[in-house]
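Next comes structure_12.pdb, with PDB, C-alpha atoms.
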```pdb
ATOM      1  CA  GLY D   1      19.449   0.467 -16.635
ATOM      2  CA  ALA D   2      18.482  -1.883 -13.774
ATOM      3  CA  VAL D   3      15.421  -3.418 -15.410
ATOM      4  CA  VAL D   4      13.733  -6.529 -14.077
ATOM      5  CA  SER D   5      11.115  -8.395 -16.083
ATOM      6  CA  GLN D   6       8.613 -11.044 -15.095
ATOM      7  CA  HIS D   7       6.755 -13.549 -17.202
ATOM      8  CA  PRO D   8       3.890 -14.105 -17.447
ATOM      9  CA  SER D   9       2.191 -10.911 -16.309
ATOM     10  CA  ARG D  10      -1.088 -12.746 -15.760
ATOM     11  CA  VAL D  11      -1.906 -16.433 -15.519
ATOM     12  CA  ILE D  12      -5.063 -18.377 -14.780
ATOM     13  CA  CYS D  13      -4.709 -22.021 -13.888
ATOM     14  CA  LYS D  14      -6.885 -24.798 -12.587
ATOM     15  CA  SER D  15      -6.674 -26.091  -9.056
ATOM     16  CA  GLY D  16      -4.091 -28.860  -8.731
ATOM     17  CA  THR D  17      -1.872 -27.724 -11.589
ATOM     18  CA  SER D  18       1.559 -26.092 -11.372
ATOM     19  CA  VAL D  19       2.574 -22.662 -12.601
ATOM     20  CA  LYS D  20       6.059 -21.326 -13.285
ATOM     21  CA  ILE D  21       6.899 -17.632 -13.029
ATOM     22  CA  GLU D  22      10.146 -16.236 -14.421
ATOM     23  CA  CYS D  23      12.099 -13.269 -13.098
ATOM     24  CA  ARG D  24      14.905 -11.845 -15.229
ATOM     25  CA  SER D  25      17.420  -9.083 -14.673
ATOM     26  CA  LEU D  26      17.804  -7.616 -18.149
ATOM     27  CA  ASP D  27      20.876  -5.420 -17.927
ATOM     28  CA  PHE D  28      22.693  -6.502 -14.799
ATOM     29  CA  GLN D  29      23.724  -9.638 -12.986
ATOM     30  CA  ALA D  30      21.967 -10.640  -9.802
ATOM     31  CA  THR D  31      23.389 -13.263  -7.479
ATOM     32  CA  THR D  32      20.441 -12.601  -5.191
ATOM     33  CA  MET D  33      16.785 -12.273  -6.092
ATOM     34  CA  PHE D  34      13.760 -12.088  -3.848
ATOM     35  CA  TRP D  35      10.215 -13.359  -4.223
ATOM     36  CA  TYR D  36       7.278 -11.566  -2.623
ATOM     37  CA  ARG D  37       3.566 -12.200  -2.454
ATOM     38  CA  GLN D  38       1.041  -9.402  -2.170
ATOM     39  CA  PHE D  39      -2.642  -9.868  -1.423
ATOM     40  CA  PRO D  40      -5.136  -7.129  -2.353
ATOM     41  CA  LYS D  41      -4.696  -3.976  -0.276
ATOM     42  CA  LYS D  42      -1.913  -5.624   1.707
ATOM     43  CA  SER D  43       1.818  -5.214   1.984
ATOM     44  CA  LEU D  44       4.544  -7.157   0.246
ATOM     45  CA  MET D  45       5.430 -10.283   2.161
ATOM     46  CA  LEU D  46       8.836 -11.796   1.512
ATOM     47  CA  MET D  47       8.526 -15.462   0.617
ATOM     48  CA  ALA D  48      12.118 -16.425  -0.071
ATOM     49  CA  THR D  49      15.584 -15.271  -1.039
ATOM     50  CA  SER D  50      16.864 -16.855  -4.217
ATOM     51  CA  ASN D  51      20.624 -17.414  -4.391
ATOM     52  CA  GLU D  52      22.366 -18.160  -7.668
ATOM     53  CA  GLY D  53      23.868 -21.638  -7.633
ATOM     54  CA  SER D  54      22.538 -22.615  -4.221
ATOM     55  CA  LYS D  55      19.334 -23.364  -2.391
ATOM     56  CA  ALA D  56      16.798 -20.657  -1.715
ATOM     57  CA  THR D  57      16.224 -19.394   1.812
ATOM     58  CA  TYR D  58      12.556 -19.488   2.722
ATOM     59  CA  GLU D  59      10.802 -17.264   5.235
ATOM     60  CA  GLN D  60       9.032 -18.817   8.173
ATOM     61  CA  GLY D  61       5.682 -20.275   7.210
ATOM     62  CA  VAL D  62       6.444 -20.586   3.485
ATOM     63  CA  GLU D  63       6.361 -24.177   2.240
ATOM     64  CA  LYS D  64       9.503 -24.851   0.216
ATOM     65  CA  ASP D  65       7.986 -27.934  -1.427
ATOM     66  CA  LYS D  66       5.023 -25.919  -2.636
ATOM     67  CA  PHE D  67       6.924 -22.865  -3.837
ATOM     68  CA  LEU D  68       9.917 -24.204  -5.724
ATOM     69  CA  ILE D  69      12.635 -21.690  -6.492
ATOM     70  CA  ASN D  70      15.454 -22.171  -8.958
ATOM     71  CA  HIS D  71      18.188 -19.603  -9.616
ATOM     72  CA  ALA D  72      20.275 -21.311 -12.270
ATOM     73  CA  SER D  73      21.935 -18.245 -13.781
ATOM     74  CA  LEU D  74      22.942 -14.749 -12.795
ATOM     75  CA  THR D  75      19.972 -13.265 -14.642
ATOM     76  CA  LEU D  76      17.133 -15.724 -14.072
ATOM     77  CA  SER D  77      15.185 -16.995 -11.093
ATOM     78  CA  THR D  78      12.001 -19.037 -11.357
ATOM     79  CA  LEU D  79       9.198 -19.614  -8.882
ATOM     80  CA  THR D  80       6.996 -22.659  -9.421
ATOM     81  CA  VAL D  81       3.733 -22.857  -7.520
ATOM     82  CA  THR D  82       3.013 -26.571  -7.311
ATOM     83  CA  SER D  83      -0.446 -28.082  -6.877
ATOM     84  CA  ALA D  84      -1.976 -24.637  -6.868
ATOM     85  CA  HIS D  85      -5.139 -23.934  -4.899
ATOM     86  CA  PRO D  86      -7.479 -20.925  -4.949
ATOM     87  CA  GLU D  87      -5.839 -19.553  -1.799
ATOM     88  CA  ASP D  88      -2.575 -19.270  -3.762
ATOM     89  CA  SER D  89      -4.213 -16.632  -5.957
ATOM     90  CA  SER D  90      -2.171 -13.487  -5.435
ATOM     91  CA  PHE D  91       0.189 -10.936  -6.971
ATOM     92  CA  TYR D  92       3.716 -12.359  -7.050
ATOM     93  CA  ILE D  93       6.575  -9.869  -7.383
ATOM     94  CA  CYS D  94      10.275 -10.519  -7.685
ATOM     95  CA  SER D  95      13.166  -8.183  -7.074
ATOM     96  CA  ALA D  96      16.867  -8.349  -7.787
ATOM     97  CA  ARG D  97      20.002  -6.796  -6.358
ATOM     98  CA  ASP D  98      22.785  -5.726  -8.674
ATOM     99  CA  SER D  99      25.805  -7.917  -7.906
ATOM    100  CA  ARG D 100      28.244  -5.165  -8.770
ATOM    101  CA  THR D 101      29.485  -3.087  -5.891
ATOM    102  CA  SER D 102      31.078   0.307  -5.910
ATOM    103  CA  GLY D 103      33.232   0.373  -2.836
ATOM    104  CA  GLY D 104      30.578  -1.210  -0.679
ATOM    105  CA  PHE D 105      27.474  -3.279  -0.396
ATOM    106  CA  THR D 106      24.625  -2.647  -2.814
ATOM    107  CA  TYR D 107      21.325  -2.386  -0.974
ATOM    108  CA  GLU D 108      18.861  -1.256  -3.612
ATOM    109  CA  GLN D 109      16.474  -3.832  -4.995
ATOM    110  CA  TYR D 110      14.888  -3.488  -8.423
ATOM    111  CA  PHE D 111      11.376  -4.829  -8.721
ATOM    112  CA  GLY D 112       9.722  -6.727 -11.531
ATOM    113  CA  PRO D 113       6.247  -5.744 -12.762
ATOM    114  CA  GLY D 114       4.568  -8.618 -10.950
ATOM    115  CA  THR D 115       2.542 -11.669 -11.974
ATOM    116  CA  ARG D 116      -1.163 -11.904 -11.228
ATOM    117  CA  LEU D 117      -1.981 -15.560 -10.483
ATOM    118  CA  THR D 118      -5.586 -16.699 -10.387
ATOM    119  CA  VAL D 119      -6.337 -20.303  -9.444
ATOM    120  CA  THR D 120      -9.829 -21.489 -10.325
TER     121      THR D 120
ATOM    122  CA  GLY B   1      11.119 -11.291  14.970
ATOM    123  CA  GLU B   2      11.595  -8.458  12.546
ATOM    124  CA  ASN B   3       8.659  -6.212  11.880
ATOM    125  CA  VAL B   4       7.928  -2.705  10.690
ATOM    126  CA  GLU B   5       4.960  -0.707  11.904
ATOM    127  CA  GLN B   6       3.655   2.015   9.602
ATOM    128  CA  HIS B   7       1.192   4.811  10.368
ATOM    129  CA  PRO B   8      -1.250   6.044   9.305
ATOM    130  CA  SER B   9      -2.872   3.362   7.174
ATOM    131  CA  THR B  10      -4.791   6.007   5.228
ATOM    132  CA  LEU B  11      -4.063   9.685   4.788
ATOM    133  CA  SER B  12      -6.113  12.280   2.956
ATOM    134  CA  VAL B  13      -4.692  15.756   2.335
ATOM    135  CA  GLN B  14      -5.587  18.759   0.251
ATOM    136  CA  GLU B  15      -3.463  19.542  -2.761
ATOM    137  CA  GLY B  16      -0.536  21.688  -1.711
ATOM    138  CA  ASP B  17      -0.482  20.459   1.881
ATOM    139  CA  SER B  18       2.248  18.272   3.364
ATOM    140  CA  ALA B  19       1.980  14.568   4.112
ATOM    141  CA  VAL B  20       3.957  12.685   6.739
ATOM    142  CA  ILE B  21       4.155   8.912   7.098
ATOM    143  CA  LYS B  22       5.983   7.266   9.986
ATOM    144  CA  CYS B  23       7.525   3.855  10.473
ATOM    145  CA  THR B  24       8.993   2.074  13.477
ATOM    146  CA  TYR B  25      11.261  -0.943  13.160
ATOM    147  CA  SER B  26      12.521  -3.548  15.584
ATOM    148  CA  ASP B  27      15.757  -4.905  14.096
ATOM    149  CA  SER B  28      18.601  -2.869  15.578
ATOM    150  CA  ALA B  29      20.939  -4.206  12.873
ATOM    151  CA  SER B  30      18.949  -2.426  10.162
ATOM    152  CA  ASN B  31      21.010   0.031   8.175
ATOM    153  CA  TYR B  32      19.026   0.676   4.996
ATOM    154  CA  PHE B  33      15.651   2.430   4.915
ATOM    155  CA  PRO B  34      13.911   2.807   1.529
ATOM    156  CA  TRP B  35      10.482   4.200   0.733
ATOM    157  CA  TYR B  36       8.400   2.883  -2.148
ATOM    158  CA  LYS B  37       5.391   4.230  -4.027
ATOM    159  CA  GLN B  38       3.038   1.679  -5.522
ATOM    160  CA  GLU B  39       0.173   2.439  -7.855
ATOM    161  CA  LEU B  40      -2.643  -0.058  -8.259
ATOM    162  CA  GLY B  41      -1.480  -3.207 -10.021
ATOM    163  CA  LYS B  42       2.033  -1.846 -10.564
ATOM    164  CA  ARG B  43       5.451  -2.624  -9.200
ATOM    165  CA  PRO B  44       6.798  -0.705  -6.175
ATOM    166  CA  GLN B  45       8.953   2.234  -7.213
ATOM    167  CA  LEU B  46      11.794   3.465  -5.035
ATOM    168  CA  ILE B  47      11.269   7.146  -4.315
ATOM    169  CA  ILE B  48      13.957   7.787  -1.720
ATOM    170  CA  ASP B  49      16.211   5.833   0.593
ATOM    171  CA  ILE B  50      18.538   6.559   3.475
ATOM    172  CA  ARG B  51      21.452   4.731   5.057
ATOM    173  CA  SER B  52      22.019   4.526   8.776
ATOM    174  CA  ASN B  53      24.962   6.907   8.776
ATOM    175  CA  VAL B  54      22.715   9.784   7.675
ATOM    176  CA  GLY B  55      19.936  11.448   9.665
ATOM    177  CA  GLU B  56      18.098  13.187   6.863
ATOM    178  CA  LYS B  57      17.936  13.163   3.084
ATOM    179  CA  LYS B  58      15.976  15.356   0.721
ATOM    180  CA  ASP B  59      15.100  15.108  -2.958
ATOM    181  CA  GLN B  60      12.958  18.001  -4.203
ATOM    182  CA  ARG B  61       9.532  17.629  -2.519
ATOM    183  CA  ILE B  62      10.415  14.396  -0.749
ATOM    184  CA  ALA B  63      12.465  13.998   2.415
ATOM    185  CA  VAL B  64      13.210  11.176   4.807
ATOM    186  CA  THR B  65      14.392  11.465   8.401
ATOM    187  CA  LEU B  66      15.894   8.690  10.500
ATOM    188  CA  ASN B  67      16.198   8.377  14.257
ATOM    189  CA  LYS B  68      18.234   5.222  14.929
ATOM    190  CA  THR B  69      18.063   5.633  18.694
ATOM    191  CA  ALA B  70      14.280   5.570  18.659
ATOM    192  CA  LYS B  71      14.198   3.149  15.688
ATOM    193  CA  HIS B  72      11.862   5.199  13.585
ATOM    194  CA  PHE B  73      11.981   6.938  10.242
ATOM    195  CA  SER B  74       9.564   9.190   8.415
ATOM    196  CA  LEU B  75       8.640  10.233   4.897
ATOM    197  CA  HIS B  76       7.739  13.856   4.276
ATOM    198  CA  ILE B  77       6.071  15.002   1.062
ATOM    199  CA  THR B  78       5.612  18.740   0.657
ATOM    200  CA  GLU B  79       3.378  20.605  -1.799
ATOM    201  CA  THR B  80       1.411  17.457  -2.536
ATOM    202  CA  GLN B  81      -0.112  16.974  -5.958
ATOM    203  CA  PRO B  82      -2.938  14.643  -7.121
ATOM    204  CA  GLU B  83      -0.369  12.445  -8.872
ATOM    205  CA  ASP B  84       1.195  11.746  -5.477
ATOM    206  CA  SER B  85      -1.900   9.662  -4.665
ATOM    207  CA  ALA B  86      -0.797   6.024  -4.241
ATOM    208  CA  VAL B  87       0.133   3.482  -1.601
ATOM    209  CA  TYR B  88       3.453   4.180   0.114
ATOM    210  CA  PHE B  89       5.531   1.513   1.814
ATOM    211  CA  CYS B  90       8.479   1.912   4.104
ATOM    212  CA  ALA B  91      10.987  -0.914   4.399
ATOM    213  CA  ASN B  92      14.178  -1.685   6.213
ATOM    214  CA  GLY B  93      17.087  -3.933   5.510
ATOM    215  CA  GLY B  94      20.362  -4.910   7.068
ATOM    216  CA  ALA B  95      22.954  -7.614   7.215
ATOM    217  CA  THR B  96      20.546 -10.299   6.058
ATOM    218  CA  ASN B  97      20.138  -8.504   2.695
ATOM    219  CA  LYS B  98      16.365  -8.877   2.725
ATOM    220  CA  LEU B  99      13.831  -6.060   3.025
ATOM    221  CA  ILE B 100      10.989  -6.082   5.512
ATOM    222  CA  PHE B 101       8.073  -3.946   4.397
ATOM    223  CA  GLY B 102       5.712  -1.845   6.440
ATOM    224  CA  THR B 103       1.954  -2.276   6.194
ATOM    225  CA  GLY B 104       1.466   0.569   3.747
ATOM    226  CA  THR B 105      -0.243   3.970   3.702
ATOM    227  CA  LEU B 106      -2.914   4.880   1.189
ATOM    228  CA  LEU B 107      -2.355   8.546   0.399
ATOM    229  CA  ALA B 108      -5.160  10.474  -1.278
ATOM    230  CA  VAL B 109      -4.438  14.021  -2.431
ATOM    231  CA  GLN B 110      -7.669  15.907  -2.973
ATOM    232  CA  PRO B 111      -7.542  18.512  -5.781
TER     233      PRO B 111
END
```
Output the file's structure as structure tokens, nothing else.
Amino acid sequence: GAVVSQHPSRVICKSGTSVKIECRSLDFQATTMFWYRQFPKKSLMLMATSNEGSKATYEQGVEKDKFLINHASLTLSTLTVTSAHPEDSSFYICSARDSRTSGGFTYEQYFGPGTRLTVT
Amino acid sequence: GENVEQHPSTLSVQEGDSAVIKCTYSDSASNYFPWYKQELGKRPQLIIDIRSNVGEKKDQRIAVTLNKTAKHFSLHITETQPEDSAVYFCANGGATNKLIFGTGTLLAVQP
């Protein structure tokens, strides 16, 4: 159980175009999902918290108009990189928290396999 | 702001030796402390986690200790094996639900 998928796994796009990345929780519901960006040999940097049915919460320094997040259902969040530039090339990883609780708050996050974005 | 310092950045040990990675956090409201192992190009995998009401937790060759007063926690891997070689990240979370990751440690276990 607790499987998170991402699509696509790899994408190459031209500068100025937009790219959409999907994050799905396959066997559980997730009211909250998270989007991270990871540059080579670096740590995961949280970009935003995606909340089902409401606006995403962006971390300081992350442009909300450039990285559009939509969390329209309990199993799907999408990240759209608009007007992509070469500096947006990175590994994008999502994670999801299981909405079910068992007598308390659920902390564990389940990670997707990541999407390698290359902007040429 | 919130941040997590992780040391060392690289660690090389001989097979069978122990490895220790340490993290220090700043957010006093943190109450969840997971450790992740990430292989090249793969997703982070949770290997062990600890809540703030516990000082130590062990799972076979892996253990984590937490000192909330000093705001630091450590990962201990005993009897290391070549397949333990990877990048390890600590993280901490709290009331805000989000996880803040450490800078990572590249562990190399020499056979």
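When all atoms listed in the file are used to measure the gap to chain D, the shortest distance among B:Thr69, B:Ser74, B:Thr105, B:Ser85 belongs to B:Thr105.
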Which residues come within 12 Å of region 49-62 of chain D, counting all atoms listed in the file, excluding same-chain residues fewer than 6 positions away, as a count of residues only?
36
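Using all atoms listed in the file, the contacts of region 7-19 of chain D at a cut-off of 6 Å, with sequence neighbours closer than 6 positions omitted, comprise Thr80, Val81, Thr82, Ser83, Ala84, His85, Thr115, Arg116, Leu117, Thr118, Val119 and Thr120 of chain D.
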As a ChimeraX atom specification, please: the residues near Pro111 (chain B) (cut-off 9 Å, all atoms listed in the file, same-chain neighbours under 5 positions excluded).
/B:14-16,81-82
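For the file shown, the residue list from the PyMOL selection byres ((chain B) within 7 of (chain D)) reads Lys42, Arg43, Pro44, Phe101, Gly102, Thr103 and Gly104 of chain B.
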Care to translate the PyMOL selection byres ((chain B and resi 73) around 9) into actual residues of this file, as a ChimeraX atom specification?
/B:21-25,33,64-68,70-72,74-75,90
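You will find CA of Tyr36 (chain B) at 14.3 Å from CA of Gln38 (chain D).
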How would region 6-17 of chain D look with all heavy atoms restored, written as a CSV table (one decimal), keeping the file's coordinate frame?
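Saved the output as rebuild_24.csv:
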```csv
chain,number,residue,atom,x,y,z
D,6,GLN,N,9.3,-9.8,-15.6
D,6,GLN,CA,8.6,-11.0,-15.1
D,6,GLN,C,7.7,-11.6,-16.2
D,6,GLN,O,7.1,-10.8,-17.0
D,6,GLN,CB,7.7,-10.7,-13.9
D,6,GLN,CG,8.5,-10.9,-12.5
D,6,GLN,CD,7.6,-10.7,-11.4
D,6,GLN,OE1,7.6,-9.6,-10.7
D,6,GLN,NE2,6.7,-11.6,-11.1
D,7,HIS,N,7.6,-12.9,-16.2
D,7,HIS,CA,6.8,-13.5,-17.2
D,7,HIS,C,6.1,-14.8,-16.6
D,7,HIS,O,6.8,-15.6,-16.0
D,7,HIS,CB,7.6,-13.9,-18.4
D,7,HIS,CG,6.8,-14.6,-19.5
D,7,HIS,ND1,5.9,-14.0,-20.4
D,7,HIS,CD2,6.6,-15.9,-19.7
D,7,HIS,CE1,5.3,-14.8,-21.1
D,7,HIS,NE2,5.7,-16.0,-20.8
D,8,PRO,N,4.8,-15.0,-16.8
D,8,PRO,CA,3.9,-14.1,-17.4
D,8,PRO,C,3.4,-12.9,-16.5
D,8,PRO,O,3.7,-13.0,-15.4
D,8,PRO,CB,2.7,-15.0,-17.8
D,8,PRO,CG,2.7,-16.0,-16.6
D,8,PRO,CD,4.2,-16.2,-16.3
D,9,SER,N,2.7,-12.0,-17.1
D,9,SER,CA,2.2,-10.9,-16.3
D,9,SER,C,0.9,-11.3,-15.6
D,9,SER,O,0.5,-10.9,-14.6
D,9,SER,CB,2.0,-9.7,-17.2
D,9,SER,OG,1.1,-10.0,-18.3
D,10,ARG,N,0.1,-12.2,-16.3
D,10,ARG,CA,-1.1,-12.7,-15.8
D,10,ARG,C,-1.2,-14.2,-16.1
D,10,ARG,O,-0.8,-14.6,-17.2
D,10,ARG,CB,-2.3,-12.0,-16.3
D,10,ARG,CG,-2.5,-10.6,-15.9
D,10,ARG,CD,-3.7,-10.0,-16.6
D,10,ARG,NE,-3.9,-8.6,-16.1
D,10,ARG,CZ,-4.6,-8.3,-15.1
D,10,ARG,NH1,-5.2,-9.3,-14.4
D,10,ARG,NH2,-4.8,-7.0,-14.7
D,11,VAL,N,-1.7,-15.0,-15.2
D,11,VAL,CA,-1.9,-16.4,-15.5
D,11,VAL,C,-3.1,-16.9,-14.7
D,11,VAL,O,-3.3,-16.6,-13.6
D,11,VAL,CB,-0.6,-17.3,-15.2
D,11,VAL,CG1,-0.2,-17.1,-13.8
D,11,VAL,CG2,-0.8,-18.7,-15.6
D,12,ILE,N,-3.9,-17.7,-15.4
D,12,ILE,CA,-5.1,-18.4,-14.8
D,12,ILE,C,-4.8,-19.9,-14.9
D,12,ILE,O,-4.6,-20.4,-16.0
D,12,ILE,CB,-6.4,-18.0,-15.4
D,12,ILE,CG1,-6.6,-16.5,-15.4
D,12,ILE,CG2,-7.6,-18.7,-14.8
D,12,ILE,CD1,-7.8,-15.9,-16.1
D,13,CYS,N,-4.9,-20.6,-13.8
D,13,CYS,CA,-4.7,-22.0,-13.9
D,13,CYS,C,-5.8,-22.7,-13.1
D,13,CYS,O,-6.4,-22.1,-12.2
D,13,CYS,CB,-3.3,-22.4,-13.4
D,13,CYS,SG,-3.1,-22.2,-11.6
D,14,LYS,N,-5.9,-24.0,-13.3
D,14,LYS,CA,-6.9,-24.8,-12.6
D,14,LYS,C,-6.3,-25.4,-11.3
D,14,LYS,O,-5.1,-25.6,-11.2
D,14,LYS,CB,-7.4,-25.9,-13.5
D,14,LYS,CG,-8.2,-25.4,-14.7
D,14,LYS,CD,-9.0,-26.5,-15.4
D,14,LYS,CE,-9.8,-26.0,-16.5
D,14,LYS,NZ,-10.6,-27.0,-17.1
D,15,SER,N,-7.1,-25.5,-10.3
D,15,SER,CA,-6.7,-26.1,-9.1
D,15,SER,C,-6.0,-27.4,-9.3
D,15,SER,O,-6.5,-28.3,-10.0
D,15,SER,CB,-7.9,-26.2,-8.1
D,15,SER,OG,-7.5,-26.5,-6.8
D,16,GLY,N,-4.8,-27.6,-8.6
D,16,GLY,CA,-4.1,-28.9,-8.7
D,16,GLY,C,-3.0,-28.8,-9.7
D,16,GLY,O,-2.1,-29.7,-9.7
D,17,THR,N,-2.9,-27.8,-10.6
D,17,THR,CA,-1.9,-27.7,-11.6
D,17,THR,C,-0.7,-26.9,-11.0
D,17,THR,O,-0.8,-26.3,-10.0
D,17,THR,CB,-2.4,-27.1,-12.9
D,17,THR,OG1,-2.9,-25.8,-12.6
D,17,THR,CG2,-3.5,-27.9,-13.5
```
